[in-house]
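S.K.: Data: query.cif, mmCIF, C-alpha atoms.
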data_final
#
loop_
_atom_site.label_atom_id
_atom_site.label_comp_id
_atom_site.auth_asym_id
_atom_site.auth_seq_id
_atom_site.Cartn_x
_atom_site.Cartn_y
_atom_site.Cartn_z
CA MET A 1 89.42 -38.32 56.60
CA GLY A 2 87.74 -39.20 53.32
CA LYS A 3 88.35 -42.16 51.08
CA VAL A 4 88.20 -42.60 47.34
CA ARG A 5 87.24 -45.88 45.80
CA VAL A 6 89.19 -47.11 42.79
CA SER A 7 85.90 -47.34 40.87
CA GLU A 8 85.43 -43.57 41.34
CA LEU A 9 88.95 -42.94 40.04
CA ILE A 10 88.21 -45.10 36.99
CA GLU A 11 85.05 -43.15 36.28
CA HIS A 12 86.60 -39.72 36.81
CA PHE A 13 89.66 -40.30 34.62
CA ASP A 14 88.00 -42.64 32.14
CA LEU A 15 90.58 -45.36 32.83
CA LYS A 16 90.57 -48.77 31.18
CA LEU A 17 90.33 -51.72 33.54
CA VAL A 18 92.79 -54.36 32.35
CA SER A 19 92.85 -56.85 35.20
CA GLY A 20 91.91 -57.35 38.86
CA GLU A 21 88.17 -56.50 38.42
CA LYS A 22 87.36 -57.88 41.86
CA GLY A 23 89.37 -55.18 43.58
CA ILE A 24 87.72 -52.05 42.16
CA GLU A 25 86.08 -51.28 45.48
CA ARG A 26 89.51 -50.94 47.11
CA GLU A 27 90.04 -47.61 48.85
CA ILE A 28 92.71 -45.00 48.25
CA VAL A 29 93.52 -43.24 51.51
CA THR A 30 96.41 -40.98 50.54
CA SER A 31 96.91 -38.42 47.80
CA ASP A 32 100.58 -39.41 47.39
CA ILE A 33 101.42 -41.33 44.27
CA SER A 34 104.25 -43.85 44.07
CA ARG A 35 106.33 -44.52 40.96
CA PRO A 36 107.85 -47.88 41.85
CA GLY A 37 111.11 -47.62 39.92
CA LEU A 38 113.36 -48.84 42.71
CA GLU A 39 110.88 -51.59 43.53
CA MET A 40 111.14 -52.79 39.94
CA ALA A 41 114.88 -53.06 40.56
CA GLY A 42 114.19 -55.26 43.58
CA PHE A 43 114.34 -52.79 46.47
CA PHE A 44 111.10 -53.30 48.38
CA THR A 45 112.26 -52.20 51.85
CA TYR A 46 110.37 -48.91 51.76
CA TYR A 47 107.63 -49.91 49.30
CA PRO A 48 104.69 -47.50 49.94
CA ALA A 49 102.02 -50.11 49.20
CA GLU A 50 99.10 -47.93 50.39
CA ARG A 51 99.65 -45.47 47.54
CA MET A 52 98.41 -45.67 44.02
CA GLN A 53 101.25 -47.09 41.88
CA LEU A 54 101.96 -45.31 38.61
CA LEU A 55 104.01 -46.99 35.88
CA GLY A 56 105.36 -44.99 32.96
CA LYS A 57 107.68 -45.59 30.07
CA THR A 58 110.85 -45.64 32.24
CA GLU A 59 109.57 -48.26 34.67
CA LEU A 60 108.11 -50.49 31.98
CA SER A 61 111.13 -50.42 29.68
CA PHE A 62 113.34 -51.30 32.67
CA PHE A 63 110.94 -54.11 33.49
CA GLY A 64 111.23 -55.42 29.94
CA ALA A 65 114.96 -55.95 30.42
CA LEU A 66 114.53 -58.16 33.50
CA SER A 67 114.79 -61.94 33.58
CA LYS A 68 111.63 -64.02 33.73
CA GLU A 69 112.12 -64.98 37.43
CA ASP A 70 112.73 -61.40 38.49
CA ARG A 71 109.61 -60.26 36.67
CA LEU A 72 107.42 -62.84 38.39
CA GLU A 73 108.88 -62.14 41.80
CA ARG A 74 108.60 -58.35 41.55
CA THR A 75 105.11 -58.15 40.07
CA ALA A 76 103.92 -60.46 42.86
CA LYS A 77 105.47 -58.16 45.46
CA LEU A 78 104.08 -55.07 43.71
CA CYS A 79 100.53 -56.43 43.88
CA SER A 80 100.23 -56.56 47.65
CA ASP A 81 97.01 -56.81 49.67
CA GLU A 82 97.39 -53.16 50.56
CA THR A 83 97.97 -51.78 47.05
CA PRO A 84 94.85 -49.84 45.99
CA CYS A 85 95.59 -49.96 42.26
CA ILE A 86 98.30 -49.87 39.60
CA VAL A 87 97.99 -47.44 36.71
CA VAL A 88 99.92 -47.63 33.45
CA SER A 89 100.18 -44.36 31.52
CA ARG A 90 100.54 -43.48 27.83
CA GLY A 91 98.40 -46.51 26.92
CA LEU A 92 101.59 -48.60 26.97
CA ASP A 93 101.53 -52.33 26.38
CA ILE A 94 101.28 -54.08 29.72
CA PRO A 95 103.54 -57.09 30.39
CA GLN A 96 101.65 -60.38 30.78
CA GLU A 97 103.34 -61.08 34.16
CA LEU A 98 101.82 -57.92 35.62
CA ILE A 99 98.36 -58.73 34.26
CA ASP A 100 98.51 -62.21 35.80
CA ALA A 101 99.82 -60.97 39.14
CA ALA A 102 97.10 -58.31 39.33
CA HIS A 103 94.48 -60.89 38.49
CA ALA A 104 95.77 -63.32 41.11
CA SER A 105 95.79 -60.77 43.91
CA ASN A 106 92.74 -58.73 42.78
CA VAL A 107 94.68 -55.47 42.50
CA PRO A 108 92.95 -53.35 39.82
CA LEU A 109 95.32 -52.80 36.92
CA LEU A 110 94.32 -49.70 34.97
CA SER A 111 95.47 -48.07 31.77
CA SER A 112 95.35 -44.42 30.75
CA SER A 113 96.22 -42.72 27.49
CA LEU A 114 97.60 -39.64 29.27
CA LYS A 115 101.30 -38.94 29.70
CA THR A 116 102.82 -39.98 33.03
CA THR A 117 103.62 -36.52 34.45
CA ARG A 118 100.30 -35.06 33.39
CA LEU A 119 98.34 -38.00 34.78
CA SER A 120 100.32 -37.84 38.02
CA GLY A 121 99.49 -34.13 38.42
CA LEU A 122 95.80 -34.58 37.66
CA VAL A 123 95.40 -37.57 39.96
CA THR A 124 97.24 -35.82 42.82
CA ASN A 125 94.97 -32.78 42.48
CA TYR A 126 91.85 -34.92 42.34
CA LEU A 127 92.86 -37.03 45.35
CA GLU A 128 93.92 -34.00 47.35
CA THR A 129 90.52 -32.36 46.84
CA ARG A 130 88.61 -35.53 47.56
CA LEU A 131 90.65 -36.54 50.60
CA ALA A 132 90.86 -33.06 52.14
CA PRO A 133 89.54 -32.81 55.70
CA MET A 134 85.96 -31.51 55.53
CA THR A 135 83.47 -30.11 57.94
CA SER A 136 79.88 -28.97 57.71
CA VAL A 137 79.03 -25.59 59.21
CA HIS A 138 75.70 -24.00 60.04
CA GLY A 139 75.88 -20.64 58.31
CA VAL A 140 75.54 -18.76 55.06
CA LEU A 141 78.43 -18.26 52.66
CA VAL A 142 78.35 -15.20 50.40
CA ASP A 143 80.86 -13.61 48.07
CA VAL A 144 80.91 -9.89 48.87
CA TYR A 145 83.24 -7.80 46.68
CA GLY A 146 85.26 -10.95 46.07
CA VAL A 147 85.67 -11.74 49.76
CA GLY A 148 84.19 -15.06 50.90
CA VAL A 149 82.17 -14.13 53.99
CA LEU A 150 80.73 -16.82 56.22
CA LEU A 151 77.76 -15.53 58.20
CA THR A 152 77.18 -17.54 61.36
CA GLY A 153 74.77 -17.19 64.26
CA ASP A 154 71.83 -18.85 65.92
CA SER A 155 68.73 -19.94 64.05
CA GLY A 156 66.45 -17.01 63.30
CA VAL A 157 69.05 -14.27 63.79
CA GLY A 158 68.71 -13.18 60.15
CA LYS A 159 71.54 -14.83 58.21
CA SER A 160 69.44 -15.77 55.20
CA GLU A 161 67.68 -12.37 55.16
CA THR A 162 71.06 -10.62 55.18
CA ALA A 163 72.21 -12.88 52.34
CA LEU A 164 69.08 -12.02 50.35
CA GLU A 165 69.70 -8.31 50.74
CA LEU A 166 73.33 -8.82 49.71
CA VAL A 167 72.23 -10.71 46.61
CA LYS A 168 69.83 -7.88 45.85
CA ARG A 169 72.80 -5.50 46.06
CA GLY A 170 74.69 -7.49 43.44
CA HIS A 171 76.72 -9.91 45.58
CA ARG A 172 76.74 -13.67 45.23
CA LEU A 173 75.29 -16.51 47.22
CA VAL A 174 77.37 -19.66 47.65
CA ALA A 175 75.48 -21.67 50.26
CA ASP A 176 72.58 -21.12 52.62
CA ASP A 177 72.17 -22.69 56.02
CA SER A 178 74.60 -25.55 55.56
CA VAL A 179 78.10 -25.00 54.18
CA GLU A 180 80.58 -27.76 53.40
CA ILE A 181 84.06 -26.49 54.14
CA ARG A 182 87.23 -28.30 53.18
CA GLN A 183 90.90 -27.60 53.63
CA ALA A 184 91.98 -26.98 50.04
CA GLY A 185 95.58 -26.07 50.77
CA GLU A 186 97.82 -24.57 53.39
CA ASN A 187 95.69 -21.92 55.14
CA GLU A 188 93.02 -22.12 52.48
CA LEU A 189 89.45 -23.12 53.17
CA VAL A 190 86.95 -23.54 50.39
CA GLY A 191 83.20 -23.68 51.00
CA ASN A 192 80.41 -24.97 48.83
CA ALA A 193 76.76 -25.90 49.19
CA PRO A 194 75.61 -29.49 49.55
CA GLU A 195 74.51 -30.41 46.03
CA LEU A 196 70.86 -30.87 46.93
CA ILE A 197 70.41 -27.29 48.18
CA GLN A 198 72.73 -25.48 45.78
CA HIS A 199 71.51 -21.98 44.80
CA LEU A 200 68.56 -22.18 47.20
CA LEU A 201 67.73 -19.80 50.00
CA GLU A 202 65.16 -20.28 52.73
CA ILE A 203 63.39 -17.17 53.96
CA ARG A 204 60.92 -17.50 56.79
CA GLY A 205 57.48 -16.64 55.52
CA LEU A 206 58.42 -17.12 51.87
CA GLY A 207 59.80 -20.62 51.91
CA ILE A 208 62.46 -21.91 49.58
CA ILE A 209 63.49 -19.62 46.73
CA ASN A 210 65.89 -20.32 43.90
CA VAL A 211 68.35 -17.46 43.76
CA MET A 212 69.75 -18.41 40.37
CA THR A 213 66.43 -18.44 38.54
CA LEU A 214 65.20 -15.34 40.38
CA PHE A 215 68.30 -13.16 40.15
CA GLY A 216 70.29 -14.78 37.36
CA ALA A 217 73.56 -16.65 37.02
CA GLY A 218 75.49 -13.61 38.25
CA ALA A 219 73.94 -13.93 41.68
CA VAL A 220 75.40 -17.32 42.57
CA ARG A 221 78.72 -19.11 42.86
CA ASN A 222 79.36 -22.82 43.24
CA TYR A 223 82.28 -22.50 45.62
CA LYS A 224 84.35 -19.78 47.21
CA LYS A 225 87.41 -19.45 49.42
CA VAL A 226 86.33 -18.49 52.93
CA SER A 227 88.26 -15.44 54.19
CA LEU A 228 86.16 -13.88 56.92
CA ILE A 229 83.63 -15.02 59.49
CA ILE A 230 80.93 -12.58 60.56
CA HIS A 231 79.02 -13.81 63.57
CA LEU A 232 75.55 -12.34 64.08
CA GLU A 233 74.06 -12.34 67.53
CA PHE A 234 71.14 -10.71 69.29
CA TRP A 235 72.25 -7.50 70.98
CA ASN A 236 73.30 -8.21 74.52
CA PRO A 237 73.54 -5.00 76.57
CA GLU A 238 75.83 -6.74 79.06
CA LYS A 239 78.40 -7.57 76.42
CA MET A 240 81.21 -5.33 75.19
CA TYR A 241 81.29 -5.06 71.42
CA ASP A 242 84.37 -3.94 69.54
CA ARG A 243 84.29 -0.16 69.21
CA LEU A 244 87.73 0.41 67.73
CA GLY A 245 88.64 -2.46 65.45
CA LEU A 246 92.20 -2.60 66.73
CA GLU A 247 92.05 -6.18 67.91
CA GLU A 248 91.43 -9.14 65.68
CA ASP A 249 89.44 -12.12 66.82
CA HIS A 250 90.11 -15.52 65.26
CA THR A 251 88.20 -18.78 65.03
CA GLN A 252 89.82 -22.09 64.18
CA MET A 253 88.11 -23.94 61.36
CA VAL A 254 89.45 -27.34 60.22
CA ASP A 255 93.16 -26.44 60.48
CA THR A 256 93.02 -22.75 59.65
CA PRO A 257 92.44 -19.72 61.87
CA LEU A 258 90.01 -17.25 60.27
CA PRO A 259 89.45 -13.61 61.29
CA ARG A 260 86.08 -13.20 62.93
CA LEU A 261 83.87 -10.20 63.61
CA THR A 262 80.88 -10.21 65.92
CA LEU A 263 77.95 -8.05 64.85
CA PRO A 264 75.14 -7.36 67.28
CA VAL A 265 71.72 -7.44 65.65
CA ARG A 266 69.16 -4.82 66.57
CA PRO A 267 66.19 -3.36 64.73
CA GLY A 268 67.36 -0.43 62.63
CA ARG A 269 70.83 -1.78 61.93
CA ASN A 270 71.15 -2.55 58.25
CA LEU A 271 73.20 -5.74 58.37
CA ALA A 272 73.77 -6.03 54.62
CA VAL A 273 75.46 -2.62 54.50
CA ILE A 274 77.56 -3.44 57.55
CA VAL A 275 78.64 -6.76 56.00
CA GLU A 276 79.52 -4.92 52.78
CA VAL A 277 81.64 -2.40 54.66
CA ALA A 278 83.25 -5.16 56.73
CA SER A 279 84.32 -6.88 53.50
CA MET A 280 85.67 -3.67 52.00
CA ASN A 281 87.54 -2.93 55.21
CA PHE A 282 88.94 -6.47 55.18
CA ARG A 283 90.22 -5.93 51.63
CA LEU A 284 91.66 -2.58 52.59
CA LYS A 285 93.54 -4.14 55.52
CA LYS A 286 94.92 -6.81 53.17
CA MET A 287 96.19 -4.00 50.96
CA GLY A 288 97.94 -2.47 53.95
CA VAL A 289 95.55 0.31 54.96
CA HIS A 290 94.40 -0.20 58.51
CA ALA A 291 92.08 2.68 59.45
CA ALA A 292 91.93 1.89 63.16
CA LYS A 293 95.70 1.55 63.47
CA GLN A 294 96.33 4.74 61.50
CA PHE A 295 93.95 6.63 63.72
CA SER A 296 95.56 5.16 66.82
CA ASP A 297 99.01 6.30 65.61
CA ARG A 298 97.65 9.77 64.88
CA LEU A 299 96.16 9.95 68.34
CA ASN A 300 99.51 8.88 69.80
CA ASP A 301 101.29 11.69 67.97
CA ALA A 302 98.71 14.21 69.14
CA LEU A 303 99.10 13.02 72.71
CA LYS A 304 102.88 13.44 72.52
CA GLU A 305 102.59 16.97 71.14
CA ASN A 306 100.19 17.98 73.87
CA LYS A 307 102.54 16.91 76.64
CA MET B 308 75.49 -33.98 75.98
CA VAL B 309 73.07 -36.66 74.82
CA GLU B 310 73.82 -38.80 71.80
CA LYS B 311 71.37 -41.33 70.44
CA GLU B 312 71.24 -43.54 67.37
CA MET B 313 67.86 -44.15 65.81
CA THR B 314 66.11 -45.18 62.63
CA VAL B 315 63.75 -42.99 60.66
CA ASN B 316 60.46 -44.86 60.33
CA LEU B 317 58.62 -42.18 58.37
CA LYS B 318 57.39 -43.77 55.14
CA SER B 319 58.55 -40.83 53.02
CA GLY B 320 61.73 -40.26 55.00
CA LEU B 321 62.53 -36.65 55.83
CA GLN B 322 60.93 -35.26 52.68
CA ALA B 323 60.37 -31.48 52.51
CA ARG B 324 57.19 -31.37 54.60
CA PRO B 325 58.28 -33.81 57.33
CA ALA B 326 61.66 -32.04 57.40
CA ALA B 327 59.93 -28.70 58.03
CA LEU B 328 57.93 -30.23 60.88
CA PHE B 329 61.06 -31.87 62.28
CA VAL B 330 62.87 -28.53 62.30
CA GLN B 331 59.85 -26.85 63.88
CA GLU B 332 59.92 -29.47 66.63
CA ALA B 333 63.67 -28.99 67.15
CA ASN B 334 63.23 -25.22 67.40
CA LYS B 335 60.99 -25.66 70.45
CA PHE B 336 64.09 -26.49 72.48
CA ASN B 337 66.92 -24.29 73.60
CA ALA B 338 69.59 -26.98 73.38
CA TYR B 339 71.95 -27.16 70.42
CA ILE B 340 70.73 -30.12 68.38
CA TYR B 341 72.57 -31.85 65.56
CA LEU B 342 71.58 -34.64 63.20
CA VAL B 343 74.30 -36.91 61.84
CA LYS B 344 73.95 -39.16 58.84
CA GLY B 345 76.79 -40.92 57.07
CA GLY B 346 79.47 -38.78 58.76
CA LYS B 347 77.72 -35.51 57.85
CA LYS B 348 76.60 -33.39 60.77
CA VAL B 349 74.05 -30.60 60.40
CA ASN B 350 72.15 -28.30 62.72
CA ALA B 351 68.75 -29.87 63.37
CA LYS B 352 67.17 -26.42 63.59
CA SER B 353 68.05 -25.58 60.02
CA ILE B 354 65.64 -26.82 57.38
CA MET B 355 68.13 -26.58 54.51
CA GLY B 356 70.69 -28.52 56.51
CA ILE B 357 68.23 -31.32 57.27
CA MET B 358 67.05 -31.48 53.67
CA SER B 359 70.62 -31.53 52.34
CA LEU B 360 71.16 -34.83 54.17
CA ALA B 361 68.33 -36.46 52.20
CA VAL B 362 67.36 -38.82 55.02
CA GLY B 363 65.33 -41.65 53.51
CA ALA B 364 62.96 -44.13 55.16
CA GLU B 365 64.73 -46.70 57.36
CA ALA B 366 67.89 -44.58 57.36
CA PRO B 367 70.04 -44.83 60.48
CA VAL B 368 70.78 -41.41 61.98
CA THR B 369 72.31 -40.06 65.17
CA LEU B 370 70.86 -37.20 67.20
CA ILE B 371 73.17 -35.13 69.35
CA ALA B 372 71.83 -32.53 71.78
CA GLU B 373 73.62 -30.25 74.17
CA GLY B 374 71.96 -27.86 76.58
CA ALA B 375 69.59 -27.65 79.53
CA ASP B 376 66.70 -29.46 77.81
CA GLU B 377 68.83 -31.96 75.83
CA THR B 378 67.08 -35.10 77.14
CA GLU B 379 63.58 -33.78 76.35
CA ALA B 380 64.74 -32.64 72.90
CA VAL B 381 66.15 -36.03 71.92
CA ALA B 382 63.07 -37.84 73.27
CA ALA B 383 60.67 -35.56 71.36
CA LEU B 384 62.60 -35.83 68.08
CA GLN B 385 62.96 -39.59 68.41
CA ALA B 386 59.20 -39.85 68.91
CA PHE B 387 58.79 -37.70 65.80
CA VAL B 388 60.92 -39.85 63.48
CA SER B 389 59.66 -43.15 64.88
CA GLN B 390 56.10 -42.58 63.65
CA GLU B 391 55.29 -43.90 60.19
CA HIS B 392 52.95 -41.13 59.13
CA ILE B 393 52.51 -37.58 60.30
#
Output the structure of this file as structure tokens.
M.R.:
Amino acid sequence: MGKVRVSELIEHFDLKLVSGEKGIEREIVTSDISRPGLEMAGFFTYYPAERMQLLGKTELSFFGALSKEDRLERTAKLCSDETPCIVVSRGLDIPQELIDAAHASNVPLLSSSLKTTRLSGLVTNYLETRLAPMTSVHGVLVDVYGVGVLLTGDSGVGKSETALELVKRGHRLVADDSVEIRQAGENELVGNAPELIQHLLEIRGLGIINVMTLFGAGAVRNYKKVSLIIHLEFWNPEKMYDRLGLEEDHTQMVDTPLPRLTLPVRPGRNLAVIVEVASMNFRLKKMGVHAAKQFSDRLNDALKENK
Amino acid sequence: MVEKEMTVNLKSGLQARPAALFVQEANKFNAYIYLVKGGKKVNAKSIMGIMSLAVGAEAPVTLIAEGADETEAVAALQAFVSQEHI
């Protein structure tokens, strides 16, 4: 599980640091955001201290109506050791008690000019992306007819060469050799290249080539949803390969099962064309046309008639 | 499975050329070999993967190998990164 430092949040959202400078290296571990309205009213029983605390107009105007003692007591409780940071939206004036409490306990107190709801949405999105479970996979990610295809297989089986041919045919490269995959949402995996090797492809005998400068901006993508895994392996005469396409194989990646095809590699098999057709067939299945199933049904009918 | 922590002594770290030689060394073995740095795990037989980690001099890394020749693989790669110059 990833972590986001408060200093990164400040930089990303251009927040103003009002108090609690010493705590800017505190870590945010959850994408949930708390709006401590009830806490302001004195109910701290279920205070989610590990979340970022967001104060808007409602909370602050309620706070303004409290007595001096209540204010001191509640700001002290709000700024716990666990609290990653407190953010005030709309650039509202911040009560002195809160500034002092944040300073005393080193909880970063930040201010933003954005509206509360908007800020809450943006921060949740940002934290969700940053905190999403991630894994690094050995493979090549290409966008073929809009389908994110992850080519996997042992070193030297021809993943990069297949990707090059696909790029040549007008498809797009996302990442070569090392793909960072994160869970972007329920059943959604998004892959991108590590920044250092973005847009690069390594071809044995040629070395490293830059696909974007060679083939243009249309030949690359920075990230893509992964929909299909195509595993390349050297042809093994002992092994049974799928001849019908009626069954679907799945591989679990992070928390999502992905359909997976296994393609045997042999001289004379044009892998790029096969990958293209696999993607088209995948799209067709998504649209409800399943060639193998249709044929199987037709065969069933024929068998019944011939009884 | 063999897992071993080590430090990269190479003066230039795993720059492009040393990385290529490292990968070449790793490819001599049949075992699955991974290099881990800062929570990121990549296939040690893939040059782009190794380079994407940007392993600098004195960086602590972990080698993981799994397969028949795992012990030899880890020993050979440790010897490779523990030299200062190639």
S.K.: To one decimal place in Å, what is the distance between CA of Leu173 in chain A and CA of Ser359 in chain B?
M.R.: 16.5 Å
S.K.: Run the PyMOL selection byres ((chain B) within 8 of (chain A)) on the file and write out the hits as a ChimeraX atom specification.
M.R.: /B:347-350,352-356,358-359
S.K.: Residues within 9 Å of range 320-324 of chain B, please, as JSON, numbers by chain. Count all atoms listed in the file; anything in the same chain fewer than 3 positions from it doesn't count.
M.R.: {"B": [315, 316, 317, 327, 328, 329, 354, 357, 358, 360, 361, 362, 363, 364, 365, 366, 388]}
S.K.: Using C-alpha atoms, can you write the selected residues to a file as a PDB file, keeping the file's coordinate frame?
M.R.:
ATOM      1  CA  VAL B 315      63.750 -42.990  60.660  1.00  0.00           C
ATOM      2  CA  ASN B 316      60.460 -44.860  60.330  1.00  0.00           C
ATOM      3  CA  LEU B 317      58.620 -42.180  58.370  1.00  0.00           C
ATOM      4  CA  ALA B 327      59.930 -28.700  58.030  1.00  0.00           C
ATOM      5  CA  LEU B 328      57.930 -30.230  60.880  1.00  0.00           C
ATOM      6  CA  PHE B 329      61.060 -31.870  62.280  1.00  0.00           C
ATOM      7  CA  ILE B 354      65.640 -26.820  57.380  1.00  0.00           C
ATOM      8  CA  ILE B 357      68.230 -31.320  57.270  1.00  0.00           C
ATOM      9  CA  MET B 358      67.050 -31.480  53.670  1.00  0.00           C
ATOM     10  CA  LEU B 360      71.160 -34.830  54.170  1.00  0.00           C
ATOM     11  CA  ALA B 361      68.330 -36.460  52.200  1.00  0.00           C
ATOM     12  CA  VAL B 362      67.360 -38.820  55.020  1.00  0.00           C
ATOM     13  CA  GLY B 363      65.330 -41.650  53.510  1.00  0.00           C
ATOM     14  CA  ALA B 364      62.960 -44.130  55.160  1.00  0.00           C
ATOM     15  CA  GLU B 365      64.730 -46.700  57.360  1.00  0.00           C
ATOM     16  CA  ALA B 366      67.890 -44.580  57.360  1.00  0.00           C
ATOM     17  CA  VAL B 388      60.920 -39.850  63.480  1.00  0.00           C
TER      18      VAL B 388
END
S.K.: Given all atoms listed in the file as the basis, pick out the residue of A:Glu276, A:Glu39, A:Glu188, A:Glu82 nearest to Arg172 in chain A.
M.R.: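 Selected residue with least distance to Arg172 in chain A: A:Glu276.
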S.K.: Rank A:Ala184, A:Ala132, A:Val147, A:Leu72 by their smallest atom-to-atom distance to Lys286 in chain A, using all atoms listed in the file, and report the top residue only.
M.R.: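 Distance minimum relative to Lys286 in chain A lands on A:Val147.
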S.K.: Produce the centre coordinates and the three edge lengths, each in Å to one decimal, of the box along x, y and z that contains all listed atoms of range 118-126 of chain A with 5 Å added on each side, as AutoDock Vina command-line options.
M.R.:
--center_x 96.1 --center_y -35.4 --center_z 38.1 --size_x 18.5 --size_y 15.2 --size_z 19.4
S.K.: Given the file shown, enumerate the residues that the PyMOL selection byres ((chain B and resi 372) around 7) captures and present them as a PyMOL selection string.
M.R.: chain B and resi 308-310+338-341+370-371+373-374+377+381
S.K.: Since we have the selection now, will you write its residues out, keeping C-alpha atoms, as a PDB file, in the coordinates of the input?
M.R.:
ATOM      1  CA  MET B 308      75.490 -33.980  75.980  1.00  0.00           C
ATOM      2  CA  VAL B 309      73.070 -36.660  74.820  1.00  0.00           C
ATOM      3  CA  GLU B 310      73.820 -38.800  71.800  1.00  0.00           C
ATOM      4  CA  ALA B 338      69.590 -26.980  73.380  1.00  0.00           C
ATOM      5  CA  TYR B 339      71.950 -27.160  70.420  1.00  0.00           C
ATOM      6  CA  ILE B 340      70.730 -30.120  68.380  1.00  0.00           C
ATOM      7  CA  TYR B 341      72.570 -31.850  65.560  1.00  0.00           C
ATOM      8  CA  LEU B 370      70.860 -37.200  67.200  1.00  0.00           C
ATOM      9  CA  ILE B 371      73.170 -35.130  69.350  1.00  0.00           C
ATOM     10  CA  GLU B 373      73.620 -30.250  74.170  1.00  0.00           C
ATOM     11  CA  GLY B 374      71.960 -27.860  76.580  1.00  0.00           C
ATOM     12  CA  GLU B 377      68.830 -31.960  75.830  1.00  0.00           C
ATOM     13  CA  VAL B 381      66.150 -36.030  71.920  1.00  0.00           C
TER      14      VAL B 381
END
S.K.: May I have the residues within 9 Å of range 87-94 of chain A as a VMD selection string, using only C-alpha atoms and disregarding those fewer than 2 positions away in the same chain?
M.R.: chain A and resid 15 18 52 to 57 60 85 96 to 99 108 to 116 119
S.K.: For CA of Leu258 in chain A and CA of Asn270 in chain A, determine how far apart the two atoms are, in Å to one decimal place.
M.R.: 24.0 Å
S.K.: What is the distance, in Å and to one decimal place, between CA of Leu189 in chain A and CA of Val330 in chain B?
M.R.: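 Taking CA of Leu189 in chain A and CA of Val330 in chain B, their separation equals 28.6 Å.
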S.K.: Would you translate the PyMOL selection byres ((chain A and resi 77) around 12) into the concrete set of residues it matches in this file, as a PyMOL selection string?
M.R.: chain A and resi 36+39-45+47-49+70-76+78-83+97-98+101-102+104-105+107
S.K.: For Tyr241 in chain A, which residue among A:Arg26, A:Leu228, A:Val220, A:Leu263 is the nearest when counting all atoms listed in the file?
M.R.: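 Once distances to Tyr241 in chain A are computed over all atoms listed in the file, the minimum belongs to A:Leu263.
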S.K.: Of the candidates B:Thr314, B:Gln385, B:Thr369, B:Ser319, which shows the shortest atom-to-atom distance to Ala333 in chain B, using all atoms listed in the file?
M.R.: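 Result for the nearest residue to Ala333 in chain B: B:Gln385.
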S.K.: Could you list, as number ranges by chain, every residue within 8 Å of Thr152 in chain A, counting all atoms listed in the file and ignoring same-chain residues fewer than 2 positions away?
M.R.: A: 138-140, 150, 154, 159, 229-232
S.K.: Could you write out that same residue set with C-alpha atoms as a PDB file, keeping the file's coordinate frame?
M.R.:
ATOM      1  CA  HIS A 138      75.700 -24.000  60.040  1.00  0.00           C
ATOM      2  CA  GLY A 139      75.880 -20.640  58.310  1.00  0.00           C
ATOM      3  CA  VAL A 140      75.540 -18.760  55.060  1.00  0.00           C
ATOM      4  CA  LEU A 150      80.730 -16.820  56.220  1.00  0.00           C
ATOM      5  CA  ASP A 154      71.830 -18.850  65.920  1.00  0.00           C
ATOM      6  CA  LYS A 159      71.540 -14.830  58.210  1.00  0.00           C
ATOM      7  CA  ILE A 229      83.630 -15.020  59.490  1.00  0.00           C
ATOM      8  CA  ILE A 230      80.930 -12.580  60.560  1.00  0.00           C
ATOM      9  CA  HIS A 231      79.020 -13.810  63.570  1.00  0.00           C
ATOM     10  CA  LEU A 232      75.550 -12.340  64.080  1.00  0.00           C
TER      11      LEU A 232
END
S.K.: Take range 369-375 of chain B, model N, CA, C and O atoms, and hand the result over as a PDB file, in the frame of the given file.
M.R.:
ATOM      1  N   THR B 369      71.946 -40.291  63.781  1.00  0.00           N
ATOM      2  CA  THR B 369      72.310 -40.060  65.170  1.00  0.00           C
ATOM      3  C   THR B 369      71.887 -38.646  65.548  1.00  0.00           C
ATOM      4  O   THR B 369      72.129 -37.709  64.787  1.00  0.00           O
ATOM      5  N   LEU B 370      71.241 -38.519  66.693  1.00  0.00           N
ATOM      6  CA  LEU B 370      70.860 -37.200  67.200  1.00  0.00           C
ATOM      7  C   LEU B 370      71.816 -36.822  68.319  1.00  0.00           C
ATOM      8  O   LEU B 370      72.103 -37.645  69.193  1.00  0.00           O
ATOM      9  N   ILE B 371      72.310 -35.615  68.278  1.00  0.00           N
ATOM     10  CA  ILE B 371      73.170 -35.130  69.350  1.00  0.00           C
ATOM     11  C   ILE B 371      72.550 -33.849  69.895  1.00  0.00           C
ATOM     12  O   ILE B 371      72.197 -32.957  69.117  1.00  0.00           O
ATOM     13  N   ALA B 372      72.374 -33.750  71.187  1.00  0.00           N
ATOM     14  CA  ALA B 372      71.830 -32.530  71.780  1.00  0.00           C
ATOM     15  C   ALA B 372      72.692 -32.099  72.945  1.00  0.00           C
ATOM     16  O   ALA B 372      73.263 -32.924  73.655  1.00  0.00           O
ATOM     17  N   GLU B 373      72.818 -30.795  73.086  1.00  0.00           N
ATOM     18  CA  GLU B 373      73.620 -30.250  74.170  1.00  0.00           C
ATOM     19  C   GLU B 373      72.935 -29.004  74.710  1.00  0.00           C
ATOM     20  O   GLU B 373      72.669 -28.068  73.960  1.00  0.00           O
ATOM     21  N   GLY B 374      72.633 -29.008  75.977  1.00  0.00           N
ATOM     22  CA  GLY B 374      71.960 -27.860  76.580  1.00  0.00           C
ATOM     23  C   GLY B 374      71.063 -28.311  77.717  1.00  0.00           C
ATOM     24  O   GLY B 374      70.973 -29.508  78.013  1.00  0.00           O
ATOM     25  N   ALA B 375      70.385 -27.356  78.347  1.00  0.00           N
ATOM     26  CA  ALA B 375      69.590 -27.650  79.530  1.00  0.00           C
ATOM     27  C   ALA B 375      68.490 -28.679  79.250  1.00  0.00           C
ATOM     28  O   ALA B 375      68.258 -29.579  80.038  1.00  0.00           O
TER      29      ALA B 375
END
